[in-house]
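Enquirer: work34.cif is the file, holding mmCIF, C-alpha atoms:
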```cif
data_target
#
loop_
_atom_site.label_atom_id
_atom_site.label_comp_id
_atom_site.auth_asym_id
_atom_site.auth_seq_id
_atom_site.Cartn_x
_atom_site.Cartn_y
_atom_site.Cartn_z
CA MET A 233 21.38 -36.81 94.48
CA THR A 234 20.57 -34.92 97.72
CA SER A 235 18.73 -37.85 99.23
CA PRO A 236 19.15 -38.47 102.97
CA GLU A 237 21.46 -41.40 102.16
CA GLN A 238 23.74 -39.00 100.36
CA THR A 239 23.81 -36.23 102.97
CA ALA A 240 24.09 -38.42 106.05
CA PRO A 241 27.52 -39.92 105.31
CA ALA A 242 28.51 -36.60 103.77
CA ARG A 243 28.01 -34.88 107.09
CA GLY A 244 29.91 -37.72 108.74
CA TYR A 245 33.00 -37.04 106.59
CA ASP A 246 34.52 -33.90 108.07
CA TRP A 247 38.10 -33.39 106.88
CA PRO A 248 39.98 -35.21 109.66
CA ARG A 249 37.77 -38.27 109.23
CA ALA A 250 37.95 -38.05 105.45
CA LEU A 251 41.76 -37.97 105.59
CA ARG A 252 41.87 -41.05 107.81
CA ALA A 253 39.33 -42.93 105.68
CA GLY A 254 41.03 -41.96 102.43
CA ALA A 255 44.55 -42.82 103.54
CA GLY A 256 43.22 -46.03 105.11
CA ALA A 257 41.62 -47.14 101.86
CA ALA A 258 44.77 -46.16 99.94
CA TRP A 259 47.08 -48.61 101.77
CA PRO A 260 47.24 -51.19 98.98
CA ILE A 261 48.05 -48.36 96.58
CA PHE A 262 50.91 -47.18 98.81
CA LEU A 263 52.35 -50.70 98.78
CA GLY A 264 52.20 -50.78 95.00
CA TYR A 265 53.60 -47.28 94.54
CA LEU A 266 56.60 -47.60 96.87
CA PRO A 267 58.61 -50.12 94.79
CA ILE A 268 57.43 -48.71 91.46
CA GLY A 269 58.09 -45.09 92.47
CA ALA A 270 61.49 -46.07 93.82
CA ALA A 271 62.28 -47.97 90.63
CA LEU A 272 61.24 -44.93 88.58
CA GLY A 273 63.51 -42.77 90.73
CA VAL A 274 66.45 -45.10 90.19
CA LEU A 275 65.85 -45.12 86.42
CA ALA A 276 65.58 -41.32 86.46
CA GLN A 277 68.86 -41.06 88.33
CA LYS A 278 70.52 -43.44 85.84
CA SER A 279 69.30 -41.20 82.98
CA GLY A 280 70.88 -38.17 84.59
CA LEU A 281 68.01 -36.59 86.52
CA ARG A 282 68.52 -35.22 90.02
CA PRO A 283 66.13 -36.26 92.85
CA PHE A 284 64.49 -32.83 92.71
CA GLU A 285 63.85 -33.16 88.96
CA ALA A 286 62.48 -36.69 89.30
CA GLY A 287 60.22 -35.52 92.15
CA LEU A 288 59.03 -32.55 90.09
CA MET A 289 57.91 -34.90 87.31
CA SER A 290 56.08 -37.14 89.79
CA LEU A 291 54.38 -34.12 91.34
CA LEU A 292 53.30 -32.49 88.08
CA VAL A 293 52.47 -35.61 86.05
CA PHE A 294 51.62 -38.31 88.62
CA ALA A 295 51.20 -41.10 86.07
CA GLY A 296 53.45 -44.13 86.46
CA SER A 297 53.51 -45.69 83.00
CA ALA A 298 53.89 -42.38 81.18
CA GLN A 299 56.72 -41.32 83.47
CA PHE A 300 58.68 -44.54 82.92
CA ILE A 301 58.30 -44.08 79.18
CA ALA A 302 59.23 -40.39 79.38
CA VAL A 303 62.36 -41.11 81.41
CA SER A 304 63.50 -43.79 78.97
CA MET A 305 62.73 -41.53 76.00
CA LEU A 306 64.67 -38.65 77.59
CA ALA A 307 67.57 -40.98 78.26
CA ALA A 308 67.51 -41.99 74.59
CA GLY A 309 67.64 -38.32 73.57
CA ALA A 310 64.02 -37.93 72.38
CA GLY A 311 62.72 -34.42 71.69
CA ALA A 312 60.32 -32.50 73.93
CA SER A 313 57.37 -32.75 71.56
CA ALA A 314 57.75 -36.53 71.19
CA VAL A 315 57.85 -36.98 74.97
CA VAL A 316 54.80 -34.76 75.55
CA ALA A 317 52.82 -36.36 72.70
CA THR A 318 53.57 -39.88 73.97
CA THR A 319 52.56 -38.85 77.50
CA PHE A 320 49.28 -37.53 76.13
CA VAL A 321 48.53 -40.75 74.26
CA VAL A 322 49.50 -43.01 77.16
CA ASN A 323 47.37 -41.01 79.60
CA LEU A 324 44.37 -40.62 77.32
CA ARG A 325 42.92 -43.68 79.03
CA HIS A 326 42.13 -41.48 82.05
CA LEU A 327 39.27 -40.03 79.98
CA LEU A 328 37.34 -43.20 80.71
CA MET A 329 38.11 -43.20 84.41
CA SER A 330 37.21 -39.55 84.76
CA SER A 331 33.95 -40.18 82.88
CA ALA A 332 33.11 -43.12 85.11
CA LEU A 333 33.79 -41.15 88.30
CA ALA A 334 31.84 -38.07 87.18
CA PRO A 335 28.37 -39.34 88.25
CA HIS A 336 29.71 -39.84 91.80
CA LEU A 337 31.01 -36.28 92.03
CA ARG A 338 27.92 -34.30 91.11
CA GLY A 339 27.65 -30.98 92.90
CA VAL A 340 31.30 -30.84 93.98
CA GLY A 341 32.85 -27.38 93.51
CA HIS A 342 34.97 -26.74 90.42
CA GLY A 343 38.15 -26.16 92.41
CA TRP A 344 37.82 -29.46 94.30
CA LEU A 345 36.92 -31.22 91.03
CA ALA A 346 40.12 -29.95 89.41
CA LEU A 347 42.17 -31.09 92.40
CA PHE A 348 40.43 -34.48 92.32
CA ALA A 349 41.02 -34.85 88.56
CA TYR A 350 44.76 -34.34 89.09
CA GLY A 351 44.84 -37.42 91.32
CA ILE A 352 43.04 -39.86 89.02
CA THR A 353 45.31 -42.82 88.29
CA ASP A 354 44.58 -46.43 87.29
CA GLU A 355 44.90 -47.45 90.94
CA SER A 356 43.09 -44.57 92.67
CA PHE A 357 40.32 -44.93 90.12
CA ALA A 358 39.98 -48.64 90.79
CA VAL A 359 39.75 -48.21 94.57
CA ASN A 360 37.52 -45.11 94.54
CA HIS A 361 35.14 -46.49 91.94
CA ALA A 362 34.74 -49.72 93.89
CA ARG A 363 34.04 -47.75 97.09
CA PHE A 364 31.58 -45.39 95.42
CA SER A 365 29.74 -48.35 93.87
CA ARG A 366 29.52 -50.10 97.23
CA GLY A 367 28.02 -46.96 98.80
CA GLY A 368 28.93 -44.89 101.86
CA TRP A 369 31.89 -43.26 100.09
CA HIS A 370 32.19 -39.52 99.62
CA TRP A 371 34.27 -37.11 97.56
CA ARG A 372 36.31 -35.97 100.56
CA PRO A 373 37.84 -39.35 101.46
CA ALA A 374 38.13 -40.05 97.73
CA LEU A 375 40.13 -36.84 97.32
CA ALA A 376 42.23 -37.71 100.38
CA LEU A 377 42.95 -41.11 98.82
CA ASN A 378 44.08 -39.50 95.56
CA GLN A 379 46.33 -36.94 97.20
CA SER A 380 47.88 -39.27 99.78
CA ALA A 381 48.71 -41.70 96.97
CA CYS A 382 50.36 -38.80 95.12
CA LEU A 383 52.43 -37.88 98.20
CA VAL A 384 53.69 -41.47 98.50
CA TRP A 385 54.45 -41.49 94.76
CA VAL A 386 56.52 -38.30 94.92
CA ALA A 387 58.35 -39.41 98.06
CA ALA A 388 59.11 -42.86 96.61
CA THR A 389 60.41 -41.34 93.35
CA MET A 390 62.70 -38.93 95.17
CA ALA A 391 63.97 -41.65 97.52
CA GLY A 392 64.70 -43.89 94.52
CA ALA A 393 66.46 -41.07 92.68
CA TRP A 394 68.53 -40.30 95.76
CA ALA A 395 69.42 -43.95 96.40
CA GLY A 396 70.02 -44.59 92.69
CA ARG A 397 73.68 -43.62 92.80
CA PHE A 398 74.34 -46.44 95.28
CA ILE A 399 72.72 -49.05 93.05
CA PRO A 400 74.69 -50.50 90.12
CA PRO A 401 72.95 -50.51 86.69
CA GLY A 402 70.64 -53.49 86.18
CA ALA A 403 70.61 -54.42 89.87
CA PHE A 404 67.44 -55.93 91.35
CA GLY A 405 65.93 -56.21 87.85
CA ILE A 406 64.72 -52.61 88.10
CA ASP A 407 64.54 -52.41 84.32
CA TYR A 408 61.71 -54.92 84.50
CA ALA A 409 59.51 -52.92 86.93
CA LEU A 410 57.62 -51.20 84.12
CA ILE A 411 56.83 -54.40 82.22
CA ALA A 412 55.74 -56.20 85.40
CA MET A 413 53.49 -53.28 86.37
CA PHE A 414 51.91 -53.22 82.90
CA LEU A 415 51.33 -56.97 83.05
CA CYS A 416 49.55 -56.74 86.39
CA LEU A 417 47.48 -53.69 85.41
CA LEU A 418 46.54 -55.58 82.25
CA VAL A 419 45.35 -58.50 84.39
CA PHE A 420 43.17 -56.04 86.36
CA GLN A 421 41.64 -54.92 83.06
CA LEU A 422 40.73 -58.42 81.83
CA ARG A 423 37.23 -58.23 83.23
CA GLY A 424 35.57 -60.49 80.67
CA ARG A 425 35.94 -62.19 77.32
CA ARG A 426 35.50 -58.95 75.38
CA HIS A 427 38.32 -57.23 77.27
CA ALA A 428 40.56 -60.27 76.86
CA ILE A 429 39.91 -60.46 73.10
CA THR A 430 40.43 -56.71 72.69
CA ALA A 431 43.71 -56.93 74.62
CA ALA A 432 44.91 -59.87 72.50
CA VAL A 433 44.00 -58.10 69.25
CA SER A 434 45.68 -54.90 70.43
CA GLY A 435 48.85 -56.66 71.52
CA LEU A 436 49.23 -58.63 68.28
CA LEU A 437 48.47 -55.54 66.17
CA ALA A 438 50.99 -53.53 68.18
CA VAL A 439 53.69 -56.16 67.60
CA ALA A 440 52.96 -56.26 63.87
CA LEU A 441 52.85 -52.46 63.54
CA SER A 442 55.98 -51.99 65.68
CA LEU A 443 57.93 -54.05 63.13
CA VAL A 444 57.06 -51.67 60.30
CA LEU A 445 56.65 -48.27 62.03
CA PRO A 446 59.45 -46.38 63.79
CA GLY A 447 58.90 -44.72 67.18
CA ASN A 448 55.78 -45.25 69.28
CA ALA A 449 52.99 -44.77 66.72
CA HIS A 450 52.11 -48.48 66.95
CA ILE A 451 50.81 -48.04 70.52
CA ILE A 452 48.03 -45.57 69.80
CA LEU A 453 47.20 -47.11 66.39
CA ALA A 454 46.81 -50.62 67.79
CA THR A 455 44.86 -49.33 70.80
CA VAL A 456 42.36 -47.35 68.74
CA LEU A 457 41.87 -50.13 66.19
CA ALA A 458 41.46 -52.86 68.81
CA ALA A 459 39.06 -50.85 70.99
CA THR A 460 36.99 -49.97 67.92
CA PHE A 461 36.94 -53.63 66.89
CA GLY A 462 35.97 -54.67 70.43
CA SER A 463 33.13 -52.18 70.77
CA LEU A 464 31.78 -52.95 67.28
CA ALA A 465 31.86 -56.67 68.09
CA LEU A 466 29.99 -55.88 71.30
CA ARG A 467 27.27 -53.97 69.46
CA ARG A 468 26.86 -56.83 67.02
CA ALA A 469 26.69 -59.35 69.86
CA ARG A 470 24.00 -57.29 71.57
CA GLY A 471 22.08 -56.95 68.32
CA GLY A 472 21.87 -53.50 66.75
CA ARG A 473 21.86 -50.55 69.13
CA GLY A 474 22.21 -52.73 72.19
CA GLY A 475 20.96 -52.29 75.72
CA PRO A 476 21.74 -48.91 77.28
CA LYS A 477 21.74 -50.50 80.74
CA GLU A 478 24.70 -52.68 79.89
CA GLY A 479 26.47 -49.89 78.08
CA ALA A 480 26.21 -47.75 81.18
CA ARG A 481 28.00 -50.36 83.26
CA ILE A 482 31.61 -49.26 83.57
CA PRO A 483 34.22 -51.02 85.72
CA MET B 298 69.53 -35.49 78.40
CA SER B 299 68.28 -31.94 77.95
CA GLY B 300 69.29 -29.02 80.11
CA GLY B 301 67.42 -27.89 83.24
CA SER B 302 64.98 -25.34 81.81
CA ASP B 303 64.17 -27.63 78.85
CA TYR B 304 63.42 -30.35 81.35
CA THR B 305 61.08 -28.10 83.34
CA LEU B 306 59.20 -27.21 80.15
CA ILE B 307 58.87 -30.88 79.16
CA VAL B 308 57.54 -31.78 82.59
CA LEU B 309 55.09 -28.86 82.54
CA GLY B 310 53.87 -30.00 79.13
CA MET B 311 53.54 -33.58 80.34
CA GLY B 312 51.58 -32.35 83.35
CA ALA B 313 49.21 -30.30 81.20
CA VAL B 314 48.45 -33.08 78.69
CA THR B 315 47.97 -35.56 81.54
CA PHE B 316 45.66 -33.26 83.49
CA LEU B 317 43.31 -32.47 80.60
CA PRO B 318 41.92 -36.00 79.99
CA ARG B 319 41.54 -36.40 83.75
CA TRP B 320 39.68 -33.14 84.19
CA VAL B 321 37.58 -32.49 81.05
CA PRO B 322 35.10 -35.41 81.56
CA LEU B 323 34.69 -34.63 85.26
CA PHE B 324 34.02 -31.01 84.43
CA ALA B 325 31.80 -31.62 81.38
CA LEU B 326 29.86 -34.61 82.66
CA SER B 327 28.65 -33.10 85.91
CA ARG B 328 25.39 -32.48 84.02
CA ARG B 329 25.52 -34.70 80.95
CA ARG B 330 26.23 -38.32 79.99
CA LEU B 331 28.39 -39.61 77.16
CA PRO B 332 26.62 -41.75 74.53
CA ASP B 333 26.81 -45.46 75.26
CA TRP B 334 28.95 -46.27 72.24
CA ILE B 335 31.65 -43.88 73.48
CA LEU B 336 31.50 -45.41 76.96
CA ASP B 337 31.82 -48.90 75.42
CA TRP B 338 34.81 -47.77 73.41
CA LEU B 339 36.46 -46.00 76.35
CA ASP B 340 35.88 -49.04 78.54
CA LEU B 341 38.13 -51.11 76.25
CA ILE B 342 40.92 -48.55 76.01
CA PRO B 343 42.87 -49.50 79.17
CA ALA B 344 43.07 -53.19 78.25
CA ALA B 345 44.02 -52.30 74.68
CA VAL B 346 46.66 -49.70 75.55
CA LEU B 347 48.35 -51.82 78.23
CA SER B 348 48.55 -54.79 75.89
CA ALA B 349 49.87 -52.61 73.06
CA LEU B 350 52.53 -51.24 75.41
CA VAL B 351 53.73 -54.49 76.86
CA LEU B 352 53.59 -57.12 74.11
CA PRO B 353 56.04 -55.43 71.67
CA ALA B 354 58.42 -54.94 74.61
CA LEU B 355 58.36 -58.72 75.19
CA VAL B 356 58.80 -60.08 71.68
CA THR B 357 60.72 -57.47 69.67
CA SER B 358 64.20 -56.01 69.99
CA GLY B 359 66.70 -53.90 68.10
CA GLU B 360 66.42 -50.73 66.04
CA PRO B 361 64.76 -51.15 63.58
CA ARG B 362 62.75 -53.67 65.57
CA HIS B 363 62.59 -57.32 64.66
CA LEU B 364 60.79 -60.30 66.14
CA ASP B 365 62.80 -61.99 68.91
CA LEU B 366 61.02 -64.68 70.92
CA LEU B 367 64.02 -65.78 72.99
CA ARG B 368 64.28 -62.72 75.21
CA PRO B 369 64.41 -63.01 79.02
CA GLU B 370 61.65 -60.34 79.01
CA LEU B 371 59.22 -62.89 77.58
CA GLY B 372 60.42 -65.74 79.80
CA VAL B 373 59.89 -63.65 82.94
CA ALA B 374 56.58 -62.26 81.71
CA ILE B 375 54.83 -65.64 81.74
CA PRO B 376 55.28 -66.45 85.47
CA THR B 377 54.72 -62.76 86.33
CA PHE B 378 51.45 -62.73 84.39
CA LEU B 379 50.27 -65.97 86.03
CA PHE B 380 51.24 -64.62 89.46
CA ALA B 381 49.27 -61.41 88.78
CA LEU B 382 46.27 -63.45 87.62
CA LYS B 383 46.35 -65.53 90.79
CA THR B 384 47.19 -62.92 93.44
CA ARG B 385 46.05 -59.65 91.80
CA SER B 386 48.85 -57.97 93.74
CA LEU B 387 50.53 -55.05 91.96
CA GLY B 388 53.44 -54.72 94.37
CA GLY B 389 54.00 -58.48 94.48
CA SER B 390 53.94 -58.85 90.70
CA VAL B 391 56.45 -56.03 90.27
CA LEU B 392 58.81 -57.49 92.86
CA LEU B 393 58.51 -61.00 91.40
CA GLY B 394 59.10 -59.76 87.85
CA MET B 395 62.11 -57.72 88.93
CA GLY B 396 63.53 -60.61 90.97
CA LEU B 397 63.19 -63.18 88.17
CA TYR B 398 64.59 -60.76 85.61
CA TRP B 399 67.52 -60.01 87.88
CA LEU B 400 68.27 -63.72 88.24
CA LEU B 401 67.99 -64.34 84.50
CA SER B 402 70.10 -61.44 83.25
#
```
Render the structure in this file as structure tokens.
Expert:
Amino acid sequence: MTSPEQTAPARGYDWPRALRAGAGAAWPIFLGYLPIGAALGVLAQKSGLRPFEAGLMSLLVFAGSAQFIAVSMLAAGAGASAVVATTFVVNLRHLLMSSALAPHLRGVGHGWLALFAYGITDESFAVNHARFSRGGWHWRPALALNQSACLVWVAATMAGAWAGRFIPPGAFGIDYALIAMFLCLLVFQLRGRRHAITAAVSGLLAVALSLVLPGNAHIILATVLAATFGSLALRRARGGRGGPKEGARIP
Amino acid sequence: MSGGSDYTLIVLGMGAVTFLPRWVPLFALSRRRLPDWILDWLDLIPAAVLSALVLPALVTSGEPRHLDLLRPELGVAIPTFLFALKTRSLGGSVLLGMGLYWLLS
């Protein structure tokens, strides 16, 4: 990967330029994170967390969906192990994003890789992967994008938690922020018929399982079953072992 | 709500279990590739998990849960979903969903 095309833009991305490029590319993410982070902060405040505690969660976890779920579970009196296990399951999807980004980050030092990994979210993945695929992107602006998005996330959470006490419960439909965010992220994931069918199967299975299972077990069960069904159907459609070229194509 | 030190431990645990799936593939795959069938499977996980998270929240309620198709959650979800399909705007979809839900409830 040390072709001239790779080293030329690399040399062009010194840190000041990388920070500008990364934060510049992250603007749509900032716009998405501000209302969601603020809504999370308000919810956290309503469940009894102080701004500092809400900010600490955003800093250490930096994963929107999981944090909404964790806050509502904590408010409902769930135990520590249940909250941590649910967080793990909800965030397991980052395995895919990390795997898909890995080829673009060959040769990056282990410390930088760890820092980069911490900033992988649905949104930062989507923007960075698109930029890497288009070419001319580099791990430094990608890292700057991840970390600037995290800063905005933490700031928005703390601002929401601070302002939460001035906002009556249920105001502005804040309780719906999580569902609306999931719906839109789901739309982003419907990249073809196979994804749409898998999502439909998973959703219906989850509804059916949620009626018979207590807690949140239906989420991971439905997800694993539907993804297995979807990938088996794909292999069948391709005929046997299938084409490795198409298998290698990730979002 | 748990006490302060309990909360710190929970958040540290959440941070650790969130970091691992983000970091292990980056670290392990700098030299190696996952088999295609795993990549296929992983590629479907986000769509599956988001759908499994959101659909029960729209059509079930109560504890123990039962089917309930007349919830404002479902009524708001339809225009929000269509808006997201059309605009692909995360911030806009969230604000629209919140606004409609606020009006309805």
Enquirer: Choose the residue, out of A:Tyr408, A:Glu285, A:Asn448, A:Arg366, that has the smallest atom-to-atom separation from Leu400 (chain B); count all atoms listed in the file.
Expert: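 Under the stated criterion, the closest residue is A:Tyr408.
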Enquirer: If we count all atoms listed in the file and set the cut-off at 8 Å, which residues sit around region 332-345 of chain B, ignoring sequence neighbours fewer than 6 positions away in its own chain? Please answer as a ChimeraX atom specification.
Expert: /A:325,327-328,418,421-422,427-428,430-435,454-456,458-460,462-463,476,479-480,482-483
Enquirer: Within 7 Å of chain A, which residues of chain B are there when counting all atoms listed in the file? Please give them as number ranges by chain.
Expert: B: 298, 307-312, 314-316, 318-320, 322-323, 326-327, 333, 336-353, 362-363, 377-378, 381-382, 387-388, 390-391, 394-396, 398-399
Enquirer: Taking the file as I've supplied it (selection: the PyMOL selection byres ((chain A and resi 245-250) around 9)), which residues are included? Please answer as a PDB file with C-alpha atoms, in the frame of the given file.
Expert:
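Output contents, as saved in result12.pdb:
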```pdb
ATOM      1  CA  PRO A 241      27.520 -39.920 105.310  1.00  0.00           C
ATOM      2  CA  ALA A 242      28.510 -36.600 103.770  1.00  0.00           C
ATOM      3  CA  ARG A 243      28.010 -34.880 107.090  1.00  0.00           C
ATOM      4  CA  GLY A 244      29.910 -37.720 108.740  1.00  0.00           C
ATOM      5  CA  LEU A 251      41.760 -37.970 105.590  1.00  0.00           C
ATOM      6  CA  ARG A 252      41.870 -41.050 107.810  1.00  0.00           C
ATOM      7  CA  ALA A 253      39.330 -42.930 105.680  1.00  0.00           C
ATOM      8  CA  GLY A 254      41.030 -41.960 102.430  1.00  0.00           C
ATOM      9  CA  ALA A 255      44.550 -42.820 103.540  1.00  0.00           C
ATOM     10  CA  HIS A 370      32.190 -39.520  99.620  1.00  0.00           C
ATOM     11  CA  TRP A 371      34.270 -37.110  97.560  1.00  0.00           C
ATOM     12  CA  ARG A 372      36.310 -35.970 100.560  1.00  0.00           C
ATOM     13  CA  PRO A 373      37.840 -39.350 101.460  1.00  0.00           C
ATOM     14  CA  ALA A 374      38.130 -40.050  97.730  1.00  0.00           C
ATOM     15  CA  LEU A 375      40.130 -36.840  97.320  1.00  0.00           C
ATOM     16  CA  ALA A 376      42.230 -37.710 100.380  1.00  0.00           C
ATOM     17  CA  LEU A 377      42.950 -41.110  98.820  1.00  0.00           C
TER      18      LEU A 377
END
```
Enquirer: Rounded to one decimal in Å, what is the spacing between CA of Ala358 (chain A) and CA of Arg468 (chain A)?
Expert: 28.4 Å
Enquirer: Would you compute the distance between CA of Arg425 (chain A) and CA of Ala469 (chain A)? Give it in Å to one decimal.
Expert: 12.2 Å
Enquirer: What is the distance, in Å and to one decimal place, between CA of Gly343 (chain A) and CA of Gly269 (chain A)?
Expert: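 Computing the Euclidean distance for CA of Gly343 (chain A) and CA of Gly269 (chain A) yields 27.5 Å.
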Enquirer: Within 7 Å of Val356 (chain B), counting only C-alpha atoms, which residues qualify if same-chain residues fewer than 5 places away don't, as a PyMOL selection string?
Expert: chain B and resi 364-366+371
Enquirer: Hey, what comes out of the PyMOL selection byres ((chain A and resi 270) around 9) on this file? Could you write it as a PDB file with C-alpha atoms, keeping the file's coordinate frame?
Expert:
```pdb
ATOM      1  CA  TYR A 265      53.600 -47.280  94.540  1.00  0.00           C
ATOM      2  CA  LEU A 266      56.600 -47.600  96.870  1.00  0.00           C
ATOM      3  CA  PRO A 267      58.610 -50.120  94.790  1.00  0.00           C
ATOM      4  CA  ILE A 268      57.430 -48.710  91.460  1.00  0.00           C
ATOM      5  CA  GLY A 269      58.090 -45.090  92.470  1.00  0.00           C
ATOM      6  CA  ALA A 271      62.280 -47.970  90.630  1.00  0.00           C
ATOM      7  CA  LEU A 272      61.240 -44.930  88.580  1.00  0.00           C
ATOM      8  CA  GLY A 273      63.510 -42.770  90.730  1.00  0.00           C
ATOM      9  CA  VAL A 274      66.450 -45.100  90.190  1.00  0.00           C
ATOM     10  CA  LEU A 275      65.850 -45.120  86.420  1.00  0.00           C
ATOM     11  CA  TRP A 385      54.450 -41.490  94.760  1.00  0.00           C
ATOM     12  CA  ALA A 387      58.350 -39.410  98.060  1.00  0.00           C
ATOM     13  CA  ALA A 388      59.110 -42.860  96.610  1.00  0.00           C
ATOM     14  CA  THR A 389      60.410 -41.340  93.350  1.00  0.00           C
ATOM     15  CA  MET A 390      62.700 -38.930  95.170  1.00  0.00           C
ATOM     16  CA  ALA A 391      63.970 -41.650  97.520  1.00  0.00           C
ATOM     17  CA  GLY A 392      64.700 -43.890  94.520  1.00  0.00           C
ATOM     18  CA  ALA A 393      66.460 -41.070  92.680  1.00  0.00           C
ATOM     19  CA  ALA A 395      69.420 -43.950  96.400  1.00  0.00           C
ATOM     20  CA  GLY A 396      70.020 -44.590  92.690  1.00  0.00           C
TER      21      GLY A 396
END
```
